[in-house]
Every structure is written in C-alpha cells, then in structure tokens.
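Below is data.txt, holding compact mmCIF, C-alpha atoms and all ligand atoms.
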# COMPACT_ATOMS: atom_id res chain seq x y z
CA MET B 1 146.05 108.84 68.20
CA ILE B 2 144.49 111.39 65.85
CA ARG B 3 145.20 110.97 62.15
CA ILE B 4 144.49 113.85 59.78
CA ASP B 5 144.35 112.97 56.09
CA ALA B 6 143.22 116.36 54.75
CA LEU B 7 146.66 117.07 53.25
CA PRO B 8 148.71 115.07 50.72
CA TYR B 9 150.73 113.70 53.69
CA PRO B 10 149.46 112.20 56.95
CA VAL B 11 149.55 114.24 60.16
CA LEU B 12 149.60 112.06 63.29
CA ILE B 13 148.89 113.63 66.67
CA GLY B 14 149.15 111.83 69.99
CA ALA B 15 150.43 112.32 73.54
CA GLY B 16 153.52 110.10 73.86
CA LEU B 17 153.66 109.53 70.10
CA ILE B 18 157.36 110.41 69.94
CA GLY B 19 158.30 107.22 71.83
CA LYS B 20 156.50 105.01 69.31
CA ALA B 21 156.84 107.14 66.22
CA PRO B 22 156.17 105.13 63.05
CA LEU B 23 159.28 106.29 61.19
CA PRO B 24 159.81 105.35 57.55
CA PRO B 25 162.27 102.59 56.60
CA GLY B 26 165.71 103.38 55.21
CA ARG B 27 168.41 105.59 56.60
CA LEU B 28 167.35 108.52 58.78
CA PHE B 29 169.28 111.75 59.28
CA LEU B 30 168.38 113.71 62.40
CA VAL B 31 168.29 117.51 62.49
CA THR B 32 167.53 119.10 65.86
CA ASP B 33 168.78 121.95 68.05
CA GLU B 34 170.74 122.01 71.32
CA ASN B 35 167.73 122.77 73.53
CA VAL B 36 165.59 120.03 72.02
CA ALA B 37 168.51 117.56 72.21
CA ARG B 38 169.12 118.50 75.85
CA ALA B 39 165.45 117.92 76.63
CA GLY B 40 166.00 114.37 75.33
CA TRP B 41 163.28 114.28 72.67
CA PRO B 42 165.31 112.84 69.74
CA GLU B 43 166.56 110.01 72.02
CA ARG B 44 162.98 109.06 72.86
CA MET B 45 162.39 108.28 69.20
CA ARG B 46 164.48 105.12 69.55
CA ALA B 47 165.60 105.46 65.97
CA ASP B 48 169.01 104.40 64.76
CA PHE B 49 170.01 107.64 63.01
CA ALA B 50 172.59 107.30 60.24
CA GLY B 51 173.78 110.80 61.06
CA ARG B 52 172.79 113.82 63.09
CA PHE B 53 173.19 117.58 63.11
CA VAL B 54 172.52 119.68 66.18
CA LEU B 55 171.94 123.38 65.51
CA GLN B 56 172.55 126.28 67.78
CA PRO B 57 169.06 127.36 68.86
CA GLY B 58 167.63 130.49 67.34
CA GLU B 59 166.73 132.29 64.16
CA ALA B 60 170.41 132.90 63.26
CA SER B 61 170.72 129.21 62.35
CA LYS B 62 168.40 129.73 59.36
CA SER B 63 171.45 130.89 57.40
CA MET B 64 173.35 130.00 54.25
CA ALA B 65 176.41 129.15 56.37
CA THR B 66 174.50 126.67 58.55
CA LEU B 67 172.80 125.20 55.48
CA GLU B 68 176.18 124.52 53.92
CA THR B 69 177.50 122.77 57.04
CA LEU B 70 174.28 120.76 57.30
CA LEU B 71 174.39 119.64 53.66
CA ASP B 72 178.05 118.64 54.14
CA ALA B 73 177.08 116.47 57.12
CA MET B 74 174.20 114.86 55.19
CA ILE B 75 176.42 114.02 52.22
CA GLU B 76 179.15 112.70 54.55
CA ALA B 77 176.55 110.43 56.18
CA GLY B 78 175.71 109.02 52.74
CA ILE B 79 172.10 110.15 52.75
CA ALA B 80 170.47 109.19 49.43
CA ARG B 81 167.16 110.06 47.83
CA ALA B 82 165.39 107.06 49.33
CA ASP B 83 166.40 108.14 52.84
CA HIS B 84 164.61 110.59 55.13
CA VAL B 85 165.65 113.73 56.94
CA VAL B 86 163.94 113.86 60.35
CA ALA B 87 163.48 117.39 61.78
CA VAL B 88 162.88 117.37 65.54
CA GLY B 89 162.40 120.89 66.84
CA GLY B 90 160.64 124.21 66.40
CA GLY B 91 160.06 126.24 63.27
CA VAL B 92 163.75 127.04 62.90
CA VAL B 93 164.74 123.36 62.71
CA GLY B 94 161.79 122.56 60.42
CA ASP B 95 162.46 125.43 58.02
CA LEU B 96 166.19 124.70 57.73
CA ALA B 97 165.97 120.89 57.61
CA GLY B 98 163.06 121.00 55.15
CA PHE B 99 164.95 123.35 52.86
CA ALA B 100 168.11 121.22 53.08
CA ALA B 101 165.99 118.18 52.16
CA SER B 102 164.61 120.05 49.15
CA VAL B 103 168.06 120.55 47.62
CA LEU B 104 169.96 117.47 48.84
CA LYS B 105 170.39 115.20 45.79
CA ARG B 106 167.68 117.30 44.08
CA GLY B 107 165.16 116.51 46.79
CA CYS B 108 164.91 114.02 49.66
CA PRO B 109 161.80 113.23 51.70
CA TRP B 110 161.63 114.59 55.23
CA VAL B 111 159.63 113.96 58.38
CA ALA B 112 158.50 116.88 60.54
CA VAL B 113 158.49 116.29 64.30
CA PRO B 114 157.55 119.75 65.62
CA THR B 115 158.28 120.45 69.30
CA THR B 116 157.01 124.02 69.79
CA LEU B 117 153.36 125.03 69.95
CA LEU B 118 153.93 127.35 66.97
CA ALA B 119 155.36 124.52 64.88
CA GLN B 120 152.75 121.95 65.98
CA ALA B 121 149.77 124.23 65.37
CA ASP B 122 151.10 126.02 62.30
CA SER B 123 154.53 125.85 60.69
CA ALA B 124 155.02 122.06 60.36
CA VAL B 125 152.02 121.87 58.03
CA GLY B 126 151.87 123.59 54.67
CA GLY B 127 155.16 122.69 52.99
CA LYS B 128 156.96 126.03 53.19
CA THR B 129 160.67 125.80 54.00
CA ALA B 130 163.25 128.57 54.02
CA ILE B 131 166.39 130.18 55.32
CA ASN B 132 166.97 133.90 55.78
CA ALA B 133 168.93 136.12 53.40
CA ARG B 134 171.00 139.12 54.43
CA GLN B 135 168.17 141.24 52.98
CA GLY B 136 165.37 139.64 54.94
CA LYS B 137 163.59 136.67 56.48
CA ASN B 138 162.65 133.55 54.50
CA LEU B 139 163.84 134.96 51.17
CA ILE B 140 165.55 131.71 50.11
CA GLY B 141 163.38 128.64 50.24
CA ALA B 142 161.28 125.99 48.58
CA PHE B 143 157.90 124.36 48.74
CA GLN B 144 158.88 120.93 50.06
CA PRO B 145 155.96 119.31 51.89
CA PRO B 146 157.03 116.76 54.52
CA ALA B 147 156.31 113.07 53.86
CA LEU B 148 154.86 112.73 57.34
CA VAL B 149 154.15 115.00 60.33
CA LEU B 150 154.38 113.53 63.84
CA ILE B 151 153.04 115.73 66.63
CA ASP B 152 153.47 114.84 70.29
CA PRO B 153 152.07 117.54 72.61
CA LYS B 154 154.07 116.00 75.48
CA THR B 155 157.17 117.58 73.94
CA LEU B 156 155.68 120.94 74.96
CA ASP B 157 156.30 120.00 78.62
CA THR B 158 159.90 121.23 78.34
CA LEU B 159 159.12 124.35 76.28
CA PRO B 160 159.63 127.66 78.15
CA GLN B 161 156.37 129.43 79.05
CA SER B 162 157.28 132.48 76.95
CA GLU B 163 157.59 130.27 73.84
CA LEU B 164 154.30 128.55 74.64
CA ARG B 165 152.52 131.88 74.96
CA ALA B 166 154.00 133.15 71.71
CA GLY B 167 152.80 130.00 69.93
CA TYR B 168 149.41 130.45 71.53
CA ALA B 169 148.98 133.75 69.69
CA GLU B 170 149.04 131.80 66.40
CA VAL B 171 146.56 129.30 67.84
CA VAL B 172 144.06 132.04 68.70
CA LYS B 173 144.63 133.44 65.19
CA TYR B 174 142.74 130.47 63.74
CA GLY B 175 139.71 131.39 65.85
CA LEU B 176 139.94 135.04 64.88
CA ILE B 177 140.23 134.46 61.14
CA GLY B 178 137.52 131.89 60.59
CA ASP B 179 136.17 130.05 63.60
CA PRO B 180 134.27 132.02 66.28
CA GLY B 181 133.44 128.77 68.08
CA PHE B 182 137.15 128.03 68.43
CA PHE B 183 137.79 131.53 69.76
CA ALA B 184 135.15 130.90 72.43
CA TRP B 185 136.88 127.60 73.19
CA CYS B 186 140.15 129.51 73.60
CA GLU B 187 138.52 131.93 76.04
CA ALA B 188 137.38 128.98 78.14
CA ASN B 189 140.44 126.72 77.75
CA GLY B 190 143.45 128.87 76.84
CA ALA B 191 144.70 129.12 80.41
CA ALA B 192 144.47 125.34 80.88
CA LEU B 193 146.29 124.79 77.59
CA LEU B 194 149.15 127.04 78.71
CA ALA B 195 149.24 125.39 82.14
CA GLY B 196 149.84 121.96 80.59
CA ASP B 197 146.41 120.38 80.02
CA VAL B 198 147.14 117.66 77.45
CA ALA B 199 143.55 117.28 76.25
CA ALA B 200 143.34 121.03 75.62
CA ARG B 201 146.64 120.96 73.74
CA LEU B 202 145.49 118.04 71.58
CA HIS B 203 142.22 119.77 70.75
CA ALA B 204 143.87 123.08 69.86
CA ILE B 205 146.57 121.47 67.70
CA GLU B 206 144.07 119.30 65.83
CA THR B 207 141.77 122.28 65.22
CA CYS B 208 144.61 124.46 63.93
CA VAL B 209 146.05 121.76 61.65
CA ARG B 210 142.61 121.07 60.15
CA ALA B 211 142.04 124.81 59.71
CA LYS B 212 145.43 125.36 58.13
CA ALA B 213 144.74 122.47 55.74
CA THR B 214 141.60 124.24 54.49
CA PHE B 215 143.67 127.33 53.64
CA VAL B 216 146.59 125.44 52.10
CA ILE B 217 144.66 122.97 49.93
CA GLY B 218 144.31 124.47 46.48
CA ASP B 219 147.00 127.09 47.15
CA GLU B 220 150.01 124.94 48.01
CA GLU B 221 152.41 127.43 46.45
CA ASP B 222 150.77 130.54 47.91
CA ARG B 223 149.78 132.08 44.58
CA THR B 224 146.01 132.49 44.62
CA GLY B 225 145.57 134.60 47.76
CA ARG B 226 143.74 131.82 49.60
CA ARG B 227 146.54 131.59 52.13
CA ALA B 228 146.50 135.34 52.73
CA LEU B 229 144.16 135.19 55.75
CA LEU B 230 146.84 133.19 57.59
CA ASN B 231 148.74 136.48 57.72
CA PHE B 232 146.12 138.11 59.95
CA GLY B 233 147.94 140.48 62.31
CA HIS B 234 151.23 139.88 60.48
CA SER B 235 151.53 143.11 58.48
CA PHE B 236 151.51 145.05 61.76
CA GLY B 237 153.22 142.16 63.58
CA HIS B 238 156.27 141.94 61.31
CA ALA B 239 156.81 145.70 61.62
CA ILE B 240 156.52 145.54 65.42
CA GLU B 241 158.81 142.51 65.60
CA ALA B 242 161.48 144.28 63.53
CA GLU B 243 161.10 147.60 65.33
CA THR B 244 160.98 146.34 68.94
CA GLY B 245 162.64 142.90 68.93
CA LEU B 246 159.55 141.38 70.57
CA PRO B 247 159.08 137.64 69.93
CA HIS B 248 157.10 136.88 66.77
CA GLY B 249 154.00 135.62 68.60
CA ASP B 250 153.84 138.61 70.93
CA ALA B 251 154.21 140.98 67.98
CA VAL B 252 151.48 139.13 66.08
CA ALA B 253 149.16 139.36 69.11
CA ILE B 254 149.57 143.16 69.09
CA GLY B 255 149.20 143.13 65.29
CA MET B 256 145.91 141.25 65.49
CA VAL B 257 144.62 143.77 68.03
CA MET B 258 145.67 146.63 65.73
CA ALA B 259 143.90 145.00 62.78
CA LEU B 260 140.76 144.67 64.89
CA ARG B 261 141.03 148.29 66.08
CA LEU B 262 141.31 149.45 62.48
CA SER B 263 138.30 147.30 61.60
CA VAL B 264 136.33 148.96 64.41
CA GLU B 265 137.50 152.45 63.33
CA ARG B 266 136.29 151.76 59.80
CA GLY B 267 132.89 150.66 61.13
CA LEU B 268 133.45 147.12 59.93
CA CYS B 269 133.66 145.30 63.25
CA PRO B 270 131.53 145.59 66.43
CA PRO B 271 133.57 147.18 69.28
CA ALA B 272 132.41 144.40 71.59
CA ASP B 273 134.42 141.87 69.56
CA LEU B 274 137.59 143.92 70.02
CA GLU B 275 136.85 144.13 73.75
CA ARG B 276 136.55 140.34 73.96
CA VAL B 277 139.91 139.86 72.28
CA LEU B 278 141.56 142.47 74.52
CA ALA B 279 140.11 140.76 77.59
CA HIS B 280 141.31 137.31 76.51
CA PHE B 281 144.84 138.39 75.55
CA THR B 282 145.20 140.33 78.80
CA ALA B 283 143.95 137.38 80.86
CA ILE B 284 146.45 135.06 79.15
CA GLY B 285 149.39 137.46 79.38
CA LEU B 286 149.70 138.35 75.70
CA PRO B 287 150.55 142.00 74.97
CA VAL B 288 147.90 144.16 73.28
CA ALA B 289 149.74 147.44 72.62
CA THR B 290 153.15 148.79 71.66
CA ASP B 291 154.93 152.08 72.22
CA ALA B 292 156.94 151.61 69.00
CA ASP B 293 157.09 154.75 66.86
CA ALA B 294 154.10 154.83 64.50
CA ASP B 295 155.98 156.45 61.60
CA ALA B 296 158.70 153.81 61.85
CA LEU B 297 156.05 151.06 61.80
CA ALA B 298 154.41 152.61 58.73
CA ALA B 299 157.78 152.81 56.95
CA ARG B 300 158.50 149.16 57.71
CA MET B 301 155.04 148.08 56.56
CA ALA B 302 155.55 149.88 53.27
CA HIS B 303 158.63 147.71 52.65
CA ASP B 304 157.31 144.36 53.86
CA LYS B 305 156.45 142.24 50.84
CA LYS B 306 155.07 139.33 52.81
CA GLY B 307 153.03 141.52 55.14
CA ALA B 308 151.70 143.60 52.27
CA ASP B 309 148.20 142.19 52.54
CA LEU B 310 146.12 143.96 55.14
CA ILE B 311 143.62 141.55 56.67
CA LEU B 312 140.73 143.13 58.56
CA ALA B 313 137.73 141.51 60.25
CA ARG B 314 133.98 142.00 60.31
CA GLY B 315 134.03 140.37 63.72
CA ILE B 316 135.59 137.44 65.54
CA GLY B 317 136.02 134.63 63.01
CA GLN B 318 135.32 136.85 59.99
CA ALA B 319 138.64 138.00 58.61
CA PHE B 320 138.90 139.17 55.02
CA LEU B 321 141.52 140.55 52.65
CA TYR B 322 141.05 144.33 52.77
CA ARG B 323 143.76 145.85 50.60
CA SER B 324 147.46 146.59 50.57
CA ALA B 325 148.83 147.60 53.97
CA SER B 326 151.40 149.88 52.37
CA GLY B 327 148.74 152.60 52.11
CA LEU B 328 148.73 153.14 55.88
CA SER B 329 150.56 156.19 57.22
CA GLY B 330 152.08 156.96 60.62
CA PRO B 331 149.04 158.97 61.76
CA ASN B 332 146.78 156.08 60.64
CA ILE B 333 148.78 153.72 62.79
CA ARG B 334 149.21 156.00 65.83
CA SER B 335 145.59 155.63 66.88
CA LEU B 336 145.84 151.84 66.65
CA SER B 337 148.90 151.23 68.77
CA ALA B 338 147.80 152.27 72.23
N1 LIG Z 1 157.32 127.22 57.32
C1 LIG Z 1 156.28 127.90 57.79
O1 LIG Z 1 155.17 127.80 57.27
C2 LIG Z 1 156.45 128.78 59.00
C3 LIG Z 1 155.33 129.34 59.60
C4 LIG Z 1 155.52 130.13 60.74
C5 LIG Z 1 156.80 130.32 61.25
N2 LIG Z 1 157.88 129.76 60.62
C6 LIG Z 1 159.23 129.96 61.13
O2 LIG Z 1 159.32 129.32 62.39
C7 LIG Z 1 160.35 129.93 63.14
C8 LIG Z 1 159.88 130.11 64.56
O3 LIG Z 1 159.59 128.85 65.07
P1 LIG Z 1 159.48 128.59 66.64
O4 LIG Z 1 158.66 129.62 67.28
O5 LIG Z 1 159.10 127.15 66.78
O6 LIG Z 1 160.97 128.89 67.15
P2 LIG Z 1 162.28 128.02 67.41
O7 LIG Z 1 162.40 126.88 66.48
O8 LIG Z 1 163.39 129.00 67.45
O9 LIG Z 1 162.03 127.45 68.88
C9 LIG Z 1 161.90 128.35 69.95
C10 LIG Z 1 162.83 128.00 71.11
O10 LIG Z 1 162.33 126.84 71.78
C11 LIG Z 1 163.34 125.85 71.88
N3 LIG Z 1 162.63 124.57 71.87
C12 LIG Z 1 161.96 124.03 70.82
N4 LIG Z 1 161.28 122.94 71.22
C13 LIG Z 1 161.55 122.78 72.53
C14 LIG Z 1 161.13 121.84 73.52
N5 LIG Z 1 160.24 120.88 73.21
N6 LIG Z 1 161.61 121.97 74.76
C15 LIG Z 1 162.48 122.98 75.07
N7 LIG Z 1 162.88 123.91 74.21
C16 LIG Z 1 162.42 123.80 72.95
C17 LIG Z 1 164.27 126.12 70.74
O11 LIG Z 1 165.55 125.62 70.99
C18 LIG Z 1 164.24 127.65 70.69
O12 LIG Z 1 165.12 128.16 71.65
C19 LIG Z 1 160.68 131.24 62.44
O13 LIG Z 1 161.94 131.12 61.81
C20 LIG Z 1 159.58 131.39 61.39
O14 LIG Z 1 160.03 132.03 60.23
C21 LIG Z 1 157.72 129.00 59.52
ZN ZN Z 2 153.28 133.98 62.46

Kindly return the structure encoded in the file as structure tokens.
Ligand SMILES: NC(=O)c1ccc[n+]([C@@H]2O[C@H](COP(=O)([O-])OP(=O)(O)OC[C@H]3O[C@@H](n4cnc5c(N)ncnc54)[C@H](O)[C@@H]3O)[C@@H](O)[C@H]2O)c1
Ligand SMILES: [Zn+2]
Amino acid sequence: MIRIDALPYPVLIGAGLIGKAPLPPGRLFLVTDENVARAGWPERMRADFAGRFVLQPGEASKSMATLETLLDAMIEAGIARADHVVAVGGGVVGDLAGFAASVLKRGCPWVAVPTTLLAQADSAVGGKTAINARQGKNLIGAFQPPALVLIDPKTLDTLPQSELRAGYAEVVKYGLIGDPGFFAWCEANGAALLAGDVAARLHAIETCVRAKATFVIGDEEDRTGRRALLNFGHSFGHAIEAETGLPHGDAVAIGMVMALRLSVERGLCPPADLERVLAHFTAIGLPVATDADADALAARMAHDKKGADLILARGIGQAFLYRSASGLSGPNIRSLSA
C-alpha cells in the first residue's frame, strides 16, 4: 500500500484496498450511485453502514433537490458530528457527499473512496466540494477536505472505457503542466494503463496525487493563483464541453491541444512538442480537434469565470499563466480548432 502524507489528510492507495479499508470508528453513512452500487464496490467494504443513499448516476444529481433529499436521509439516520460520511463513487458522488458533509450539523467529517480515474487522480484530493446552480456548474459549494482518501485502482475494472479515457486526459494534464518525465511515461505506458495494467494505474494515480498536492498546498482555498495551472486546457475545454456536449475529459483533451497550438502560434512552444501530444492523444483515442463554431466558443469563454485564466506552455511540462482568456476572439480561436 502507498501512503501519501503530503496533504493534511492521508491518501492511501492500493490494489484491493477497498476490501480491507481502514474506516474510521463511529457511525458511517454511505453515499454512492446506482452504477457503483451495481458493480458491488460498497459491499466489498464490509462496513456496517448506519444509513445509505444511492444517487442516480450523472451530473444532474449535483443539484439542490438531491442535496435536500440526501440531508434528510442523513438526519433520519441520526448521523452526528462524530460520524463519517463515506463517498464511494466518481466526482459526482464526491462533490455532492462532500458538500452535504460540510453543511450537515455545521460540518461532519467524510471519507473519499473515488472509483473513477478522474476522481482517483484528481477530484478526490484538494477539498473542493460543490453542487450545480441553475446558472452554472459548481456555483454552490464549500472547501471541505476529506478526513481520509482511500484509492483502490481495482475499482476501475468495472468503469466503462469511455470514462477511463476521459479520466486519462486529466492524468496526462499533470505531465503537460509540470512534469515532462511523466508525459514521456504516459507515452510509453498510457495504452497499458487504459487496458487494465494495475501497476501502471498505481503509478499514474500516485504521481497525479503527489503533483496535485504540490499545487494545492499553500492555496487550499484557491485564492493565490497557485492552483491555476490545474486548469490547463479548461478555458477552451469548458467552452467545448458546453457547446458540443462532449464528455469533460474529451473536451479538456481538445482544450489542451488548442492551448498548445496557441503557444506554438505565439512562438512560445516548439512545434515538435505539439506534434508529440497530437501523436499520443491520437494513439490513445483522445480527440484533438473540434468542429464547434469558433465564435460561439469565444463567446462562452468570455463568460466562463472559472476558465478565465488562459494557461499556455513553453513546452511539454512547462505550463504558465498567460493572461485572461476572455481576450480571445472567434478568429483567434478558428485557427486553433482544426
Ligand atoms: N472537486 C473537484 O476538485 C473536482 C475536480 C474535477 C472534477 N470534479 C467533478 O467531478 C465530476 C465528474 O466526475 P467523474 O468523471 O468521476 O464522473 P461521475 O461521477 O459522473 O462518474 C462517471 C460515470 O461512471 C460511473 N462509475 C463510477 N465509478 C464506477 C465504477 N467503478 N464502475 C462502473 N461505473 C462507475 C458513474 O456511475 C457515472 O456513470 C464533475 O461533476 C466535476 O465537476 C470535481
Ligand atoms: Zn477537468
């Protein structure tokens, strides 16, 4: 088992960990979703849950209505401040359960048991929790770091390939923003990771969690700009996601390519680095271009508060905060999208 102590809470990573998870004492309230429950992962934890709530899978569950039903169920189960909420699932379960924990009885501890590659390599660490508002994603939330993160890469065995690939885009992101050695590792091992190689999954998850910790430490509440590099590819990606309905990871993959293209156009980044990224994404089956309307993308980027920071790169592993993305126009973007 790998134990990471770089954050204020321990992150434990191990194949098969879910069956011997060292859960905290006291009453435990399980939050999961139907797909994760059907795959049998919560049952493997052999915990005697004092109550449980099974969400409908999908982003729509990060809503005020679901939050209210969830809080009702937690209060009915008699969950008190010494008890723990246990979130077993992807980023949707983690974001909703973590936020519910932050407001239940003015704050209960929670345990993150991420079961998607995106959640294991990224969202379960960092302490951000949220639900969506009518006006936009993640607008209602709290910083509520988990008490413990338990990561079992075996849970990825039941994850659909499309979800794995989308999570993989965020994995590669860590190489592209600050770790050229890890990008090279991805080139050599990404296919094996996607095909089910447990050692490759362990290595990638550990590398990403350690990398995320370096960005989060000192900027827990996302105020100093340190965390901004984590949004590499996201200013373009959010616009593409909203415009086309592509999965988040696929949109971010295209967004990272567009950020690299812009970096090349501005003479900041060697074209060969862009070529390497294109070759890797293509080999792995991640999209690299979109036919979404460039003016529509520019309009969406101008309104995206979270994606407002434009991150460019001087090469693979050398991302930096360039300036506000809202200055980009349709014609600027047109040359980047194909
Ligand atoms: N808090 C953060 O820092 C942070 C960071 C990035 C993303 N997020 C949020 O994360 C969410 C996306 O998370 P996600 O990509 O994990 O999506 P998700 O939670 O919707 O999971 C994707 C799909 O996989 C299914 N699934 C999950 N684990 C499974 C398993 N082991 N076997 C079979 N099916 C499984 C789910 O039921 C769902 O259908 C978004 O809402 C995003 O806003 C949060
Ligand atoms: Zn993302």

Check which residues fall inside 12 Å of ligand ZN 2 (chain Z) when counting all atoms listed in the file, and print them as a ChimeraX atom specification.
/B:91,117-119,121-123,166-174,228-238,241,247-256,306-307

Residues of range 97-128 of chain B that approach range 57-69 of chain B to 12 Å or less, counting all atoms listed in the file: could you list each one with the shortest pair of atoms and its distance in Å to one decimal, rows by chain and increasing residue number, as CSV?
residue,atom,partner,partner_atom,distance
B:Ala97,CA,B:Leu67,CA,8.4
B:Gly98,CA,B:Leu67,CA,10.6
B:Phe99,CA,B:Leu67,CA,8.5
B:Ala100,CA,B:Leu67,CA,6.6
B:Ala101,CA,B:Leu67,CA,10.3
B:Ser102,CA,B:Leu67,CA,11.6
B:Val103,CA,B:Leu67,CA,10.3
B:Leu104,CA,B:Leu67,CA,10.6

Report the distance between CA of Val149 in chain B and CA of Gly317 in chain B in Å, rounded to one decimal place.
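Here the two named atoms are 26.9 Å from each other.
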
Top pick for closest residue to Met74 in chain B, considering B:Leu194, B:Val31, B:Met45, B:Ala37 and counting all atoms listed in the file
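Among B:Leu194, B:Val31, B:Met45, B:Ala37, it is B:Val31 that comes nearest to Met74 in chain B.
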
Step by step, measure atom-to-atom distances between ligand LIG 1 (chain Z) and each residue using only C-alpha atoms and all ligand atoms, keep those at most 8 Å, then write them as a PyMOL selection string.
chain B and resi 33-36+39+41+56-59+62+89-95+114-119+122-131+137-138+155-160+163+166-167+248-249

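Of note, CA of Tyr9 in chain B and CA of Val86 in chain B are spaced 14.8 Å apart.
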
Complete the atoms of range 13-22 of chain B to all heavy atoms and put them out as an mmCIF file, in the coordinates of the input.
data_model
loop_
_atom_site.group_PDB
_atom_site.id
_atom_site.type_symbol
_atom_site.label_atom_id
_atom_site.label_comp_id
_atom_site.auth_asym_id
_atom_site.auth_seq_id
_atom_site.Cartn_x
_atom_site.Cartn_y
_atom_site.Cartn_z
ATOM 1 N N ILE B 13 148.805 112.863 65.431
ATOM 2 C CA ILE B 13 148.890 113.630 66.670
ATOM 3 C C ILE B 13 148.569 112.702 67.839
ATOM 4 O O ILE B 13 147.532 112.028 67.822
ATOM 5 C CB ILE B 13 147.872 114.806 66.672
ATOM 6 C CG1 ILE B 13 147.967 115.623 65.379
ATOM 7 C CG2 ILE B 13 148.100 115.716 67.882
ATOM 8 C CD1 ILE B 13 146.869 116.683 65.236
ATOM 9 N N GLY B 14 149.448 112.656 68.833
ATOM 10 C CA GLY B 14 149.150 111.830 69.990
ATOM 11 C C GLY B 14 150.104 112.129 71.136
ATOM 12 O O GLY B 14 151.295 112.362 70.914
ATOM 13 N N ALA B 15 149.575 112.129 72.361
ATOM 14 C CA ALA B 15 150.430 112.320 73.540
ATOM 15 C C ALA B 15 151.292 111.066 73.703
ATOM 16 O O ALA B 15 150.766 109.958 73.758
ATOM 17 C CB ALA B 15 149.579 112.569 74.766
ATOM 18 N N GLY B 16 152.607 111.236 73.734
ATOM 19 C CA GLY B 16 153.520 110.100 73.860
ATOM 20 C C GLY B 16 153.895 109.481 72.522
ATOM 21 O O GLY B 16 154.636 108.498 72.456
ATOM 22 N N LEU B 17 153.409 110.073 71.447
ATOM 23 C CA LEU B 17 153.660 109.530 70.100
ATOM 24 C C LEU B 17 155.157 109.429 69.789
ATOM 25 O O LEU B 17 155.601 108.512 69.088
ATOM 26 C CB LEU B 17 152.961 110.433 69.065
ATOM 27 C CG LEU B 17 153.075 110.050 67.590
ATOM 28 C CD1 LEU B 17 152.386 108.720 67.336
ATOM 29 C CD2 LEU B 17 152.441 111.138 66.704
ATOM 30 N N ILE B 18 155.942 110.356 70.319
ATOM 31 C CA ILE B 18 157.360 110.410 69.940
ATOM 32 C C ILE B 18 158.100 109.123 70.320
ATOM 33 O O ILE B 18 159.015 108.696 69.622
ATOM 34 C CB ILE B 18 158.050 111.674 70.531
ATOM 35 C CG1 ILE B 18 159.295 112.036 69.721
ATOM 36 C CG2 ILE B 18 158.366 111.523 72.019
ATOM 37 C CD1 ILE B 18 159.784 113.450 69.921
ATOM 38 N N GLY B 19 157.651 108.460 71.384
ATOM 39 C CA GLY B 19 158.300 107.220 71.830
ATOM 40 C C GLY B 19 157.952 106.023 70.970
ATOM 41 O O GLY B 19 158.611 104.994 71.027
ATOM 42 N N LYS B 20 156.897 106.133 70.176
ATOM 43 C CA LYS B 20 156.500 105.010 69.310
ATOM 44 C C LYS B 20 156.257 105.507 67.896
ATOM 45 O O LYS B 20 155.410 104.985 67.169
ATOM 46 C CB LYS B 20 155.256 104.322 69.884
ATOM 47 C CG LYS B 20 154.270 105.268 70.563
ATOM 48 C CD LYS B 20 153.154 104.497 71.236
ATOM 49 C CE LYS B 20 152.055 105.434 71.655
ATOM 50 N NZ LYS B 20 151.777 105.784 72.948
ATOM 51 N N ALA B 21 157.028 106.508 67.524
ATOM 52 C CA ALA B 21 156.840 107.140 66.220
ATOM 53 C C ALA B 21 157.039 106.143 65.076
ATOM 54 O O ALA B 21 158.068 105.474 65.005
ATOM 55 C CB ALA B 21 157.813 108.298 66.072
ATOM 56 N N PRO B 22 156.051 106.041 64.195
ATOM 57 C CA PRO B 22 156.170 105.130 63.050
ATOM 58 C C PRO B 22 157.036 105.754 61.963
ATOM 59 O O PRO B 22 156.545 106.303 60.993
ATOM 60 C CB PRO B 22 154.716 104.990 62.591
ATOM 61 C CG PRO B 22 154.048 106.259 63.018
ATOM 62 C CD PRO B 22 154.791 106.786 64.203
#
